[in-house]
file work04.cif (mmCIF, C-alpha atoms and all ligand atoms)
data_input
loop_
_atom_site.label_atom_id
_atom_site.label_comp_id
_atom_site.auth_asym_id
_atom_site.auth_seq_id
_atom_site.Cartn_x
_atom_site.Cartn_y
_atom_site.Cartn_z
CA MET A 1 -11.98 -28.62 -57.84
CA LEU A 2 -10.43 -28.76 -54.36
CA ASP A 3 -7.37 -26.69 -53.55
CA CYS A 4 -6.05 -29.63 -51.56
CA ALA A 5 -7.07 -33.21 -50.76
CA ILE A 6 -5.60 -34.72 -47.61
CA ILE A 7 -5.74 -38.52 -47.37
CA GLY A 8 -5.68 -39.82 -43.78
CA GLY A 9 -6.72 -38.13 -40.55
CA GLY A 10 -3.95 -39.01 -38.10
CA PRO A 11 -1.55 -36.45 -36.60
CA ALA A 12 0.01 -35.74 -40.02
CA GLY A 13 -3.30 -35.32 -41.86
CA LEU A 14 -4.94 -33.23 -39.16
CA THR A 15 -1.94 -30.89 -38.92
CA ALA A 16 -1.86 -30.58 -42.71
CA GLY A 17 -5.57 -29.73 -42.50
CA LEU A 18 -4.96 -27.04 -39.90
CA TYR A 19 -2.11 -25.38 -41.77
CA THR A 20 -3.67 -25.50 -45.27
CA THR A 21 -7.00 -24.02 -44.17
CA ARG A 22 -5.53 -21.49 -41.76
CA GLY A 23 -2.94 -20.59 -44.41
CA GLY A 24 -5.56 -19.56 -46.94
CA LEU A 25 -6.47 -22.61 -49.06
CA LYS A 26 -10.20 -22.62 -49.65
CA ASN A 27 -11.59 -26.03 -50.50
CA VAL A 28 -9.70 -28.54 -48.42
CA VAL A 29 -11.08 -32.00 -47.69
CA MET A 30 -9.51 -34.52 -45.32
CA TYR A 31 -10.54 -38.09 -46.19
CA GLU A 32 -10.43 -40.37 -43.16
CA LYS A 33 -12.00 -43.81 -43.32
CA GLY A 34 -12.59 -43.98 -39.55
CA MET A 35 -12.67 -41.49 -36.71
CA PRO A 36 -9.89 -38.88 -37.01
CA GLY A 37 -6.91 -39.30 -34.67
CA GLY A 38 -4.85 -42.09 -36.25
CA GLN A 39 -3.05 -44.99 -34.64
CA ILE A 40 -2.04 -43.11 -31.48
CA THR A 41 -5.67 -43.41 -30.32
CA GLN A 42 -4.83 -47.09 -29.56
CA SER A 43 -2.28 -46.01 -26.95
CA SER A 44 -3.28 -46.11 -23.31
CA GLU A 45 -0.67 -43.50 -22.37
CA ILE A 46 1.49 -40.95 -24.20
CA GLU A 47 4.23 -39.17 -22.29
CA ASN A 48 6.38 -37.67 -25.03
CA TYR A 49 4.18 -35.11 -26.79
CA PRO A 50 5.84 -31.81 -25.84
CA GLY A 51 3.92 -29.58 -23.49
CA VAL A 52 1.40 -32.25 -22.54
CA THR A 53 2.00 -33.37 -18.97
CA GLY A 54 0.17 -35.76 -16.70
CA GLU A 55 -1.37 -39.11 -17.56
CA ILE A 56 -3.04 -38.81 -20.93
CA THR A 57 -4.25 -41.45 -23.38
CA GLY A 58 -3.70 -41.21 -27.13
CA MET A 59 -7.44 -40.68 -27.54
CA ASP A 60 -7.39 -37.73 -25.08
CA LEU A 61 -4.44 -36.20 -26.91
CA MET A 62 -6.15 -36.32 -30.31
CA MET A 63 -9.66 -35.37 -29.22
CA PRO A 64 -9.39 -31.57 -29.78
CA TRP A 65 -7.46 -31.74 -33.07
CA PRO A 66 -10.41 -32.18 -35.51
CA GLU A 67 -12.44 -29.37 -33.91
CA GLN A 68 -9.47 -27.01 -34.17
CA CYS A 69 -9.20 -27.76 -37.91
CA GLN A 70 -12.91 -27.46 -38.57
CA LYS A 71 -12.85 -23.94 -37.10
CA PHE A 72 -10.68 -22.89 -40.04
CA GLY A 73 -12.83 -24.65 -42.63
CA LEU A 74 -11.41 -28.16 -43.00
CA VAL A 75 -14.04 -30.59 -44.25
CA HIS A 76 -13.85 -34.19 -43.04
CA GLU A 77 -15.24 -36.87 -45.34
CA MET A 78 -15.55 -40.20 -43.58
CA VAL A 79 -14.72 -42.38 -46.55
CA GLU A 80 -11.86 -44.61 -47.67
CA VAL A 81 -9.88 -43.38 -50.66
CA GLU A 82 -9.13 -46.15 -53.13
CA ARG A 83 -6.68 -44.43 -55.43
CA VAL A 84 -5.15 -41.10 -56.42
CA VAL A 85 -4.63 -40.58 -60.17
CA ARG A 86 -2.92 -37.70 -61.96
CA SER A 87 -4.45 -36.20 -65.09
CA GLU A 88 -2.54 -34.91 -68.11
CA ALA A 89 -3.33 -31.38 -66.96
CA GLY A 90 -1.41 -32.09 -63.74
CA THR A 91 -4.41 -32.14 -61.40
CA PHE A 92 -5.45 -35.14 -59.30
CA SER A 93 -8.53 -37.37 -59.20
CA ILE A 94 -9.45 -38.81 -55.81
CA LEU A 95 -11.23 -42.14 -56.33
CA ARG A 96 -13.39 -42.71 -53.28
CA GLY A 97 -14.66 -46.00 -51.87
CA ASP A 98 -18.27 -44.83 -52.28
CA GLY A 99 -17.81 -44.54 -56.05
CA LYS A 100 -17.55 -40.75 -56.19
CA VAL A 101 -14.56 -38.96 -57.70
CA ASP A 102 -13.24 -35.61 -56.49
CA GLU A 103 -10.70 -33.42 -58.28
CA ALA A 104 -7.89 -31.55 -56.53
CA VAL A 105 -5.03 -29.20 -57.43
CA SER A 106 -2.77 -30.70 -54.75
CA VAL A 107 -2.73 -33.84 -52.60
CA ILE A 108 -1.09 -34.61 -49.26
CA VAL A 109 -0.96 -38.36 -48.50
CA CYS A 110 -0.90 -39.09 -44.75
CA THR A 111 -2.10 -42.70 -44.59
CA GLY A 112 0.51 -43.89 -42.06
CA SER A 113 1.89 -47.37 -41.61
CA THR A 114 0.84 -50.40 -39.59
CA PRO A 115 3.28 -52.46 -37.52
CA LYS A 116 2.88 -56.19 -38.26
CA ARG A 117 1.79 -58.53 -35.49
CA ALA A 118 3.77 -61.73 -34.86
CA GLY A 119 0.58 -63.72 -34.34
CA PHE A 120 1.15 -65.44 -30.97
CA LYS A 121 -1.45 -66.13 -28.29
CA GLY A 122 -2.31 -63.11 -26.13
CA GLU A 123 -0.67 -60.61 -28.51
CA ASP A 124 -3.90 -58.85 -29.47
CA GLU A 125 -5.37 -59.05 -25.97
CA PHE A 126 -2.38 -57.33 -24.38
CA PHE A 127 -1.57 -54.90 -27.21
CA GLY A 128 -1.04 -51.49 -25.56
CA ARG A 129 -1.02 -53.14 -22.11
CA GLY A 130 2.48 -54.63 -22.15
CA ILE A 131 2.81 -55.47 -25.84
CA SER A 132 4.33 -52.63 -27.84
CA THR A 133 5.75 -52.00 -31.29
CA CYS A 134 7.67 -48.85 -30.36
CA ALA A 135 10.63 -48.67 -27.94
CA THR A 136 10.89 -44.87 -28.20
CA CYS A 137 7.22 -44.57 -27.22
CA ASP A 138 6.99 -47.15 -24.45
CA GLY A 139 10.53 -48.11 -23.34
CA PHE A 140 10.55 -45.60 -20.51
CA PHE A 141 7.56 -47.32 -18.86
CA TYR A 142 9.90 -50.30 -18.21
CA LYS A 143 12.82 -48.34 -16.74
CA GLY A 144 14.93 -50.68 -14.59
CA LYS A 145 12.79 -53.72 -15.52
CA GLU A 146 13.33 -56.75 -17.77
CA VAL A 147 11.71 -56.82 -21.21
CA ALA A 148 11.63 -59.09 -24.25
CA VAL A 149 12.17 -58.05 -27.87
CA ILE A 150 10.86 -60.22 -30.71
CA GLY A 151 12.63 -60.10 -34.09
CA GLY A 152 16.00 -60.40 -35.79
CA GLY A 153 16.16 -57.56 -38.31
CA ASP A 154 17.73 -54.10 -38.10
CA THR A 155 14.74 -52.55 -36.32
CA ALA A 156 14.56 -55.29 -33.68
CA LEU A 157 18.26 -55.01 -32.88
CA GLU A 158 18.32 -51.20 -32.87
CA GLU A 159 15.29 -51.15 -30.58
CA ALA A 160 16.88 -53.81 -28.32
CA LEU A 161 19.98 -51.59 -28.03
CA TYR A 162 17.79 -48.59 -27.21
CA LEU A 163 15.92 -50.58 -24.53
CA ALA A 164 19.16 -51.94 -23.05
CA LYS A 165 20.03 -48.36 -22.00
CA ILE A 166 16.78 -48.01 -20.04
CA CYS A 167 15.89 -51.54 -18.90
CA SER A 168 17.81 -53.84 -16.56
CA LYS A 169 17.78 -56.69 -19.09
CA VAL A 170 16.58 -57.34 -22.64
CA TYR A 171 15.80 -60.86 -23.90
CA LEU A 172 16.17 -60.85 -27.67
CA VAL A 173 13.94 -63.63 -28.98
CA HIS A 174 14.74 -64.68 -32.56
CA ARG A 175 13.50 -67.67 -34.52
CA ARG A 176 16.89 -68.37 -36.13
CA ASP A 177 20.47 -68.46 -34.82
CA ALA A 178 21.71 -65.82 -37.29
CA PHE A 179 20.54 -62.23 -37.67
CA ARG A 180 19.44 -60.34 -40.80
CA ALA A 181 20.56 -57.01 -39.31
CA ALA A 182 23.67 -55.10 -40.45
CA PRO A 183 26.90 -56.77 -39.14
CA ASN A 184 27.96 -53.75 -37.04
CA THR A 185 24.51 -53.64 -35.39
CA VAL A 186 24.79 -57.36 -34.60
CA GLU A 187 28.24 -56.71 -33.15
CA ARG A 188 26.98 -53.86 -30.94
CA MET A 189 24.12 -56.05 -29.73
CA ARG A 190 26.51 -58.93 -28.93
CA SER A 191 28.81 -56.68 -26.92
CA THR A 192 25.96 -55.23 -24.82
CA PRO A 193 26.11 -57.15 -21.53
CA ASN A 194 22.43 -56.80 -20.57
CA ILE A 195 21.07 -58.25 -23.83
CA GLU A 196 20.54 -62.02 -23.67
CA GLN A 197 19.96 -63.75 -26.98
CA VAL A 198 17.18 -66.35 -26.94
CA LEU A 199 17.75 -68.04 -30.29
CA ASN A 200 15.87 -70.64 -32.34
CA ALA A 201 12.81 -69.61 -30.37
CA VAL A 202 9.41 -68.13 -31.20
CA PRO A 203 6.91 -66.47 -28.86
CA ASP A 204 4.28 -69.03 -27.86
CA GLU A 205 2.04 -67.08 -25.49
CA VAL A 206 2.04 -63.83 -23.58
CA TYR A 207 0.02 -63.85 -20.38
CA GLY A 208 -0.89 -61.47 -17.60
CA ASP A 209 -3.66 -60.04 -15.49
CA ALA A 210 -5.88 -56.95 -15.38
CA MET A 211 -2.80 -54.76 -14.90
CA GLY A 212 -1.08 -56.04 -18.05
CA VAL A 213 1.59 -58.51 -19.10
CA THR A 214 3.39 -60.62 -16.49
CA GLY A 215 5.28 -63.06 -18.68
CA LEU A 216 6.11 -64.55 -22.06
CA ARG A 217 6.50 -68.23 -22.90
CA VAL A 218 8.85 -68.96 -25.79
CA LYS A 219 9.09 -72.24 -27.66
CA PHE A 220 12.35 -73.58 -29.06
CA LYS A 221 12.83 -75.50 -32.29
CA ASP A 222 13.29 -78.75 -30.32
CA GLY A 223 9.84 -78.30 -28.71
CA THR A 224 11.06 -77.22 -25.26
CA THR A 225 9.74 -74.02 -23.70
CA ARG A 226 11.01 -71.27 -21.38
CA GLU A 227 9.13 -68.71 -19.29
CA LEU A 228 10.42 -65.13 -19.29
CA ASP A 229 9.07 -63.07 -16.38
CA VAL A 230 8.75 -59.78 -18.22
CA PRO A 231 6.11 -57.02 -17.95
CA GLY A 232 6.91 -55.71 -21.44
CA VAL A 233 7.21 -57.41 -24.85
CA PHE A 234 8.32 -55.40 -27.90
CA VAL A 235 7.42 -56.88 -31.29
CA PHE A 236 9.45 -55.86 -34.37
CA VAL A 237 8.54 -58.20 -37.20
CA GLY A 238 8.00 -55.63 -39.95
CA ASN A 239 5.79 -52.78 -40.94
CA ASP A 240 3.10 -52.43 -43.62
CA VAL A 241 3.26 -49.03 -45.30
CA ASN A 242 -0.28 -47.86 -46.14
CA ASN A 243 0.59 -46.83 -49.69
CA ALA A 244 -2.33 -48.53 -51.51
CA VAL A 245 -3.87 -45.19 -52.56
CA LEU A 246 -0.76 -44.51 -54.66
CA LYS A 247 -0.97 -47.82 -56.56
CA GLN A 248 -2.13 -47.33 -60.13
CA GLU A 249 -4.24 -49.71 -62.19
CA ASP A 250 -1.15 -51.19 -63.88
CA GLY A 251 0.47 -51.93 -60.46
CA SER A 252 2.99 -49.09 -60.62
CA PHE A 253 3.11 -46.34 -57.99
CA LEU A 254 2.06 -42.77 -58.74
CA CYS A 255 5.33 -41.51 -57.25
CA LYS A 256 8.69 -42.94 -56.26
CA VAL A 257 8.70 -45.40 -53.33
CA ASN A 258 11.67 -47.32 -51.90
CA ASP A 259 12.10 -51.11 -51.59
CA TRP A 260 9.90 -51.18 -48.47
CA GLY A 261 7.12 -49.16 -50.10
CA GLN A 262 7.90 -45.99 -48.14
CA VAL A 263 7.22 -42.81 -50.12
CA VAL A 264 10.36 -40.98 -51.17
CA VAL A 265 10.15 -37.29 -50.23
CA ASP A 266 12.59 -34.42 -49.86
CA LEU A 267 12.90 -32.31 -46.70
CA SER A 268 9.85 -30.31 -47.83
CA MET A 269 7.72 -33.51 -48.03
CA ARG A 270 7.59 -33.18 -51.85
CA THR A 271 7.38 -36.42 -53.82
CA ASP A 272 8.82 -36.60 -57.35
CA VAL A 273 5.34 -35.68 -58.71
CA PRO A 274 4.58 -31.92 -58.65
CA GLY A 275 1.65 -31.13 -56.35
CA LEU A 276 1.83 -34.50 -54.56
CA PHE A 277 3.16 -34.50 -50.98
CA ALA A 278 3.52 -37.24 -48.37
CA ALA A 279 3.75 -36.76 -44.60
CA GLY A 280 4.03 -38.89 -41.47
CA ASP A 281 4.74 -42.57 -40.96
CA LEU A 282 4.47 -43.58 -44.63
CA ARG A 283 7.43 -41.50 -45.78
CA ILE A 284 11.07 -42.61 -45.91
CA GLU A 285 13.04 -42.38 -42.67
CA ALA A 286 9.96 -41.51 -40.61
CA PRO A 287 10.78 -41.51 -36.88
CA LYS A 288 7.21 -42.80 -36.30
CA GLN A 289 6.34 -40.35 -33.56
CA VAL A 290 3.27 -38.12 -33.23
CA VAL A 291 5.32 -34.93 -32.94
CA CYS A 292 7.25 -35.79 -36.13
CA ALA A 293 4.11 -36.72 -38.08
CA ALA A 294 2.53 -33.42 -37.05
CA GLY A 295 5.68 -31.55 -38.11
CA ASP A 296 5.62 -33.31 -41.48
CA GLY A 297 1.97 -32.34 -41.94
CA ALA A 298 2.77 -28.67 -41.33
CA THR A 299 5.75 -28.79 -43.71
CA ALA A 300 3.72 -30.44 -46.47
CA ALA A 301 0.87 -27.96 -45.99
CA LEU A 302 3.16 -24.93 -46.40
CA GLN A 303 4.49 -26.46 -49.62
CA ALA A 304 0.97 -27.23 -50.86
CA ILE A 305 -0.07 -23.61 -50.24
CA ALA A 306 2.91 -22.35 -52.26
CA TYR A 307 2.14 -24.86 -55.03
CA VAL A 308 -1.55 -23.91 -55.29
CA ASP A 309 -0.73 -20.19 -55.18
CA GLU A 310 1.54 -20.70 -58.17
CA LYS A 311 -0.67 -23.11 -60.15
CA GLY A 312 -3.96 -21.36 -59.47
CA HIS A 313 -6.70 -22.25 -57.01
CA GLY A 314 -9.50 -24.73 -57.72
CA GLN A 315 -12.96 -23.39 -58.56
P1 LIG B 401 -1.53 -42.60 -38.59
O1 LIG B 401 -1.63 -42.16 -37.19
O2 LIG B 401 -1.32 -44.05 -38.87
O3 LIG B 401 -2.85 -42.10 -39.33
C1 LIG B 401 -3.15 -42.51 -40.65
C2 LIG B 401 -4.65 -42.41 -40.83
O4 LIG B 401 -4.96 -42.61 -42.20
C3 LIG B 401 -5.45 -43.46 -40.06
O5 LIG B 401 -6.37 -42.81 -39.20
C4 LIG B 401 -6.13 -44.29 -41.12
O6 LIG B 401 -7.45 -44.70 -40.75
C5 LIG B 401 -6.17 -43.34 -42.31
N1 LIG B 401 -6.16 -44.00 -43.61
C6 LIG B 401 -5.28 -44.95 -44.04
N2 LIG B 401 -5.58 -45.29 -45.31
C7 LIG B 401 -6.67 -44.55 -45.67
C8 LIG B 401 -7.44 -44.47 -46.88
N3 LIG B 401 -7.15 -45.20 -47.95
N4 LIG B 401 -8.48 -43.62 -46.91
C9 LIG B 401 -8.81 -42.86 -45.82
N5 LIG B 401 -8.11 -42.91 -44.65
C10 LIG B 401 -7.05 -43.73 -44.59
N6 LIG B 401 4.10 -41.97 -31.01
C11 LIG B 401 4.59 -41.10 -30.09
O7 LIG B 401 5.08 -40.03 -30.46
N7 LIG B 401 4.55 -41.39 -28.75
C12 LIG B 401 3.97 -42.52 -28.26
O8 LIG B 401 3.95 -42.75 -27.04
C13 LIG B 401 3.40 -43.43 -29.20
N8 LIG B 401 2.82 -44.55 -28.78
C14 LIG B 401 2.18 -45.37 -29.67
C15 LIG B 401 1.46 -46.45 -29.18
C16 LIG B 401 0.78 -47.27 -30.06
C17 LIG B 401 -0.04 -48.41 -29.51
C18 LIG B 401 0.85 -47.02 -31.46
C19 LIG B 401 0.11 -47.91 -32.43
C20 LIG B 401 1.59 -45.97 -31.96
C21 LIG B 401 2.27 -45.12 -31.07
N9 LIG B 401 3.00 -44.01 -31.51
C22 LIG B 401 3.51 -43.12 -30.59
C23 LIG B 401 3.25 -43.77 -32.94
C24 LIG B 401 2.28 -42.72 -33.53
O9 LIG B 401 0.96 -43.13 -33.26
C25 LIG B 401 2.49 -42.58 -35.03
O10 LIG B 401 3.84 -42.24 -35.31
C26 LIG B 401 1.59 -41.48 -35.62
O11 LIG B 401 0.25 -41.72 -35.32
C27 LIG B 401 1.75 -41.41 -37.14
O12 LIG B 401 0.86 -40.45 -37.63
P2 LIG B 401 0.37 -40.45 -39.15
O13 LIG B 401 -0.59 -39.34 -39.25
O14 LIG B 401 1.53 -40.50 -40.05
O15 LIG B 401 -0.35 -41.86 -39.38
#
call {"tool": "encode", "arguments": {"input": "work04.cif", "output": "structure tokens", "more": "lines below"}}
Ligand code: FAD
result
Amino acid sequence: MLDCAIIGGGPAGLTAGLYTTRGGLKNVVMYEKGMPGGQITQSSEIENYPGVTGEITGMDLMMPWPEQCQKFGLVHEMVEVERVVRSEAGTFSILRGDGKVDEAVSVIVCTGSTPKRAGFKGEDEFFGRGISTCATCDGFFYKGKEVAVIGGGDTALEEALYLAKICSKVYLVHRRDAFRAAPNTVERMRSTPNIEQVLNAVPDEVYGDAMGVTGLRVKFKDGTTRELDVPGVFVFVGNDVNNAVLKQEDGSFLCKVNDWGQVVVDLSMRTDVPGLFAAGDLRIEAPKQVVCAAGDGATAALQAIAYVDEKGHGQ
């Protein structure tokens, strides 16, 4: 029986691994289906992790994290977890993709979330080289320049407002002529002079060169097109929360999730199921930043240690 099972090896999972092992839990396994590091390893540059200066890629940032954890005894199993189930005794079964089942006293779920792609030509090719899904992460790279934002929901409008403070102009490309966002957000967007609405239009193709994006062609409902000379395109068309491991055989979730599938936690990263914690991008109101995911992982780990100390350690 493990003291703690950590599902996912991004910034949240790795930090949870560091704190649980260093804090005295004995058998701790981090299940990561790929290489540890999480989604930030796709980023060609990260400038906002405190204390890390100079040009650094997401991969460089995450490289030392697994080794630091292993020093304190964290075991990494490179396997996908299919499901987490709770027994009547209050312990957890970890159903692994390779058919094995592990038992754990506590579980910290850190499986993250995945921004949806809009599906236009060039989007995958230029992802991380001018195409972004995070204004807080990448907006500053376009200071004083023109950018395009794709989407019409709350996130798209909030991010367009954020970018309008940094960039000279924001083209807000939306496939309809009305917005799904909250009325006061729509009002704030409309009264921001450097946001131009490009309505009834969808992205057709993003193009560029070896340096990155140089422009976006949008297509209107009537078939006409327009070229936007922008070096940055921000796509906000939704987010998939990686909560599949919490789905039970009958389709219900092991713990409470909100309408978007985000895991409901309190400020200590506790779910409504004792011994089950969630940290990082998959939780409610996640700021979706590396530093926040790492902070969540530490918070959840401290709670898991307290929980296992009270319940009794695994054998
Ligand atoms: P993730 O990093 O998503 O890690 C989750 C991990 O869980 C993944 O490694 C995944 O393989 C694994 N996993 C999922 N399901 C399973 C399963 N069933 N079994 C086993 N393993 C599983 N943030 C910043 O602070 N600054 C930036 O500049 C910045 N730039 C970014 C640029 C890009 C291109 C991207 C994509 C993101 C960027 N972010 C940035 C956001 C940041 O990467 C995330 O907020 C952060 O990685 C979230 O950490 P996490 O641990 O919650 O989840």
call {"tool": "residues_near_ligand", "arguments": {"input": "work04.cif", "ligand": "ligand LIG 401 (chain B)", "cutoff": "6 Å", "atoms": "all atoms listed in the file", "output": "CSV table (one decimal) with C-alpha atoms, in the frame of the given file"}}
result
chain,number,residue,atom,x,y,z
A,7,ILE,CA,-5.7,-38.5,-47.4
A,8,GLY,CA,-5.7,-39.8,-43.8
A,9,GLY,CA,-6.7,-38.1,-40.6
A,10,GLY,CA,-4.0,-39.0,-38.1
A,11,PRO,CA,-1.6,-36.4,-36.6
A,12,ALA,CA,0.0,-35.7,-40.0
A,13,GLY,CA,-3.3,-35.3,-41.9
A,31,TYR,CA,-10.5,-38.1,-46.2
A,32,GLU,CA,-10.4,-40.4,-43.2
A,33,LYS,CA,-12.0,-43.8,-43.3
A,34,GLY,CA,-12.6,-44.0,-39.6
A,36,PRO,CA,-9.9,-38.9,-37.0
A,37,GLY,CA,-6.9,-39.3,-34.7
A,38,GLY,CA,-4.8,-42.1,-36.2
A,39,GLN,CA,-3.0,-45.0,-34.6
A,40,ILE,CA,-2.0,-43.1,-31.5
A,42,GLN,CA,-4.8,-47.1,-29.6
A,43,SER,CA,-2.3,-46.0,-27.0
A,46,ILE,CA,1.5,-41.0,-24.2
A,47,GLU,CA,4.2,-39.2,-22.3
A,48,ASN,CA,6.4,-37.7,-25.0
A,79,VAL,CA,-14.7,-42.4,-46.6
A,80,GLU,CA,-11.9,-44.6,-47.7
A,81,VAL,CA,-9.9,-43.4,-50.7
A,82,GLU,CA,-9.1,-46.2,-53.1
A,110,CYS,CA,-0.9,-39.1,-44.8
A,111,THR,CA,-2.1,-42.7,-44.6
A,112,GLY,CA,0.5,-43.9,-42.1
A,113,SER,CA,1.9,-47.4,-41.6
A,128,GLY,CA,-1.0,-51.5,-25.6
A,137,CYS,CA,7.2,-44.6,-27.2
A,138,ASP,CA,7.0,-47.2,-24.4
A,242,ASN,CA,-0.3,-47.9,-46.1
A,245,VAL,CA,-3.9,-45.2,-52.6
A,280,GLY,CA,4.0,-38.9,-41.5
A,281,ASP,CA,4.7,-42.6,-41.0
A,288,LYS,CA,7.2,-42.8,-36.3
A,289,GLN,CA,6.3,-40.4,-33.6
A,290,VAL,CA,3.3,-38.1,-33.2
A,291,VAL,CA,5.3,-34.9,-32.9
A,293,ALA,CA,4.1,-36.7,-38.1
call {"tool": "residues_around", "arguments": {"input": "work04.cif", "residues": "Leu74 in chain A", "least_positions_apart": "6", "cutoff": "10 Å", "atoms": "all atoms listed in the file", "output": "ChimeraX atom specification"}}
result
/A:6,14,16-22,25-30,66-68
call {"tool": "atom_distance", "arguments": {"input": "work04.cif", "atom1": "CA of Val105 in chain A", "atom2": "CA of Cys255 in chain A"}}
result
16.1 Å
call {"tool": "atom_distance", "arguments": {"input": "work04.cif", "atom1": "CA of Gly97 in chain A", "atom2": "CA of Leu61 in chain A"}}
result
28.7 Å
call {"tool": "atom_distance", "arguments": {"input": "work04.cif", "atom1": "CA of Gly24 in chain A", "atom2": "CA of Cys69 in chain A"}}
result
12.7 Å
call {"tool": "closest_residue", "arguments": {"input": "work04.cif", "among": "A:Ile166, A:Ala135, A:Leu276, A:Val202", "to": "Ala301 in chain A", "atoms": "all atoms listed in the file"}}
result
A:Leu276
call {"tool": "closest_atom_pairs", "arguments": {"input": "work04.cif", "of": "range 164-208 of chain A", "to": "range 218-221 of chain A", "cutoff": "8 Å", "atoms": "only C-alpha atoms", "output": "Markdown table"}}
result
| residue | atom | partner | partner_atom | distance |
| --- | --- | --- | --- | --- |
| A:Leu199 | CA | A:Phe220 | CA | 7.8 |
| A:Asn200 | CA | A:Phe220 | CA | 5.6 |
| A:Ala201 | CA | A:Phe220 | CA | 4.2 |
| A:Val202 | CA | A:Lys219 | CA | 5.4 |
| A:Pro203 | CA | A:Val218 | CA | 4.4 |
| A:Asp204 | CA | A:Val218 | CA | 5.0 |
| A:Glu205 | CA | A:Val218 | CA | 7.1 |
call {"tool": "residues_around", "arguments": {"input": "work04.cif", "residues": "Thr271 in chain A", "least_positions_apart": "5", "cutoff": "10 Å", "atoms": "only C-alpha atoms", "output": "compact mmCIF listing (two decimals) with C-alpha atoms, keeping the file's coordinate frame"}}
result
# COMPACT_ATOMS: atom_id res chain seq x y z
CA ILE A 108 -1.09 -34.61 -49.26
CA LEU A 254 2.06 -42.77 -58.74
CA CYS A 255 5.33 -41.51 -57.25
CA LYS A 256 8.69 -42.94 -56.26
CA VAL A 257 8.70 -45.40 -53.33
CA VAL A 263 7.22 -42.81 -50.12
CA VAL A 264 10.36 -40.98 -51.17
CA VAL A 265 10.15 -37.29 -50.23
CA ASP A 266 12.59 -34.42 -49.86
CA LEU A 276 1.83 -34.50 -54.56
CA PHE A 277 3.16 -34.50 -50.98
CA ALA A 278 3.52 -37.24 -48.37
CA ALA A 279 3.75 -36.76 -44.60
CA ARG A 283 7.43 -41.50 -45.78
call {"tool": "residues_around", "arguments": {"input": "work04.cif", "residues": "range 117-120 of chain A", "least_positions_apart": "6", "cutoff": "12 Å", "atoms": "all atoms listed in the file", "output": "number ranges by chain"}}
result
A: 126-127, 131-133, 149-151, 173-175, 202-207, 216-219, 233-240
call {"tool": "closest_residue", "arguments": {"input": "work04.cif", "among": "A:Ala164, A:Tyr171, A:Arg129, A:Ala5", "to": "Arg96 in chain A", "atoms": "all atoms listed in the file"}}
result
A:Ala5
call {"tool": "closest_residue", "arguments": {"input": "work04.cif", "among": "A:Thr192, A:Pro231, A:Thr114, A:Val109", "to": "Asp296 in chain A", "atoms": "only C-alpha atoms"}}
result
A:Val109
call {"tool": "residues_around", "arguments": {"input": "work04.cif", "residues": "Val84 in chain A", "least_positions_apart": "2", "cutoff": "6 Å", "atoms": "only C-alpha atoms", "output": "PyMOL selection string"}}
result
chain A and resi 93-94+245-246
call {"tool": "closest_residue", "arguments": {"input": "work04.cif", "among": "A:Val186, A:Cys4, A:Met211, A:Ala306", "to": "Glu103 in chain A", "atoms": "all atoms listed in the file"}}
result
A:Cys4
call {"tool": "residues_around", "arguments": {"input": "work04.cif", "residues": "Gln248 in chain A", "least_positions_apart": "4", "cutoff": "9 Å", "atoms": "all atoms listed in the file", "output": "list in words"}}
result
Arg83, Val84, Val85, Ala244, Ser252, Phe253 and Leu254 of chain A
call {"tool": "closest_residue", "arguments": {"input": "work04.cif", "among": "A:Val213, A:Ala148, A:Val107, A:Val52", "to": "Asp124 in chain A", "atoms": "all atoms listed in the file"}}
result
A:Val213
call {"tool": "axis_aligned_box", "arguments": {"input": "work04.cif", "around": "range 88-107 of chain A", "padding_each_side": "4 Å", "output": "lines of an AutoDock Vina configuration file"}}
result
center_x = -9.8
center_y = -37.6
center_z = -60.0
size_x = 24.9
size_y = 24.8
size_z = 24.2
call {"tool": "build_atoms", "arguments": {"input": "work04.cif", "residues": "range 195-202 of chain A", "atoms": "N, CA and C atoms", "output": "mmCIF file, keeping the file's coordinate frame"}}
result
data_model
loop_
_atom_site.group_PDB
_atom_site.id
_atom_site.type_symbol
_atom_site.label_atom_id
_atom_site.label_comp_id
_atom_site.auth_asym_id
_atom_site.auth_seq_id
_atom_site.Cartn_x
_atom_site.Cartn_y
_atom_site.Cartn_z
ATOM 1 N N ILE A 195 21.961 -57.623 -22.834
ATOM 2 C CA ILE A 195 21.070 -58.250 -23.830
ATOM 3 C C ILE A 195 21.378 -59.747 -23.857
ATOM 4 N N GLU A 196 20.367 -60.559 -23.578
ATOM 5 C CA GLU A 196 20.540 -62.020 -23.670
ATOM 6 C C GLU A 196 19.825 -62.518 -24.918
ATOM 7 N N GLN A 197 20.558 -63.212 -25.768
ATOM 8 C CA GLN A 197 19.960 -63.750 -26.980
ATOM 9 C C GLN A 197 19.221 -65.053 -26.664
ATOM 10 N N VAL A 198 17.966 -65.112 -27.093
ATOM 11 C CA VAL A 198 17.180 -66.350 -26.940
ATOM 12 C C VAL A 198 16.898 -66.814 -28.365
ATOM 13 N N LEU A 199 17.752 -67.718 -28.850
ATOM 14 C CA LEU A 199 17.750 -68.040 -30.290
ATOM 15 C C LEU A 199 16.989 -69.338 -30.592
ATOM 16 N N ASN A 200 16.665 -69.478 -31.881
ATOM 17 C CA ASN A 200 15.870 -70.640 -32.340
ATOM 18 C C ASN A 200 14.571 -70.767 -31.548
ATOM 19 N N ALA A 201 14.005 -69.615 -31.218
ATOM 20 C CA ALA A 201 12.810 -69.610 -30.370
ATOM 21 C C ALA A 201 11.764 -68.645 -30.933
ATOM 22 N N VAL A 202 10.504 -69.023 -30.783
ATOM 23 C CA VAL A 202 9.410 -68.130 -31.200
ATOM 24 C C VAL A 202 8.511 -67.866 -29.987
#
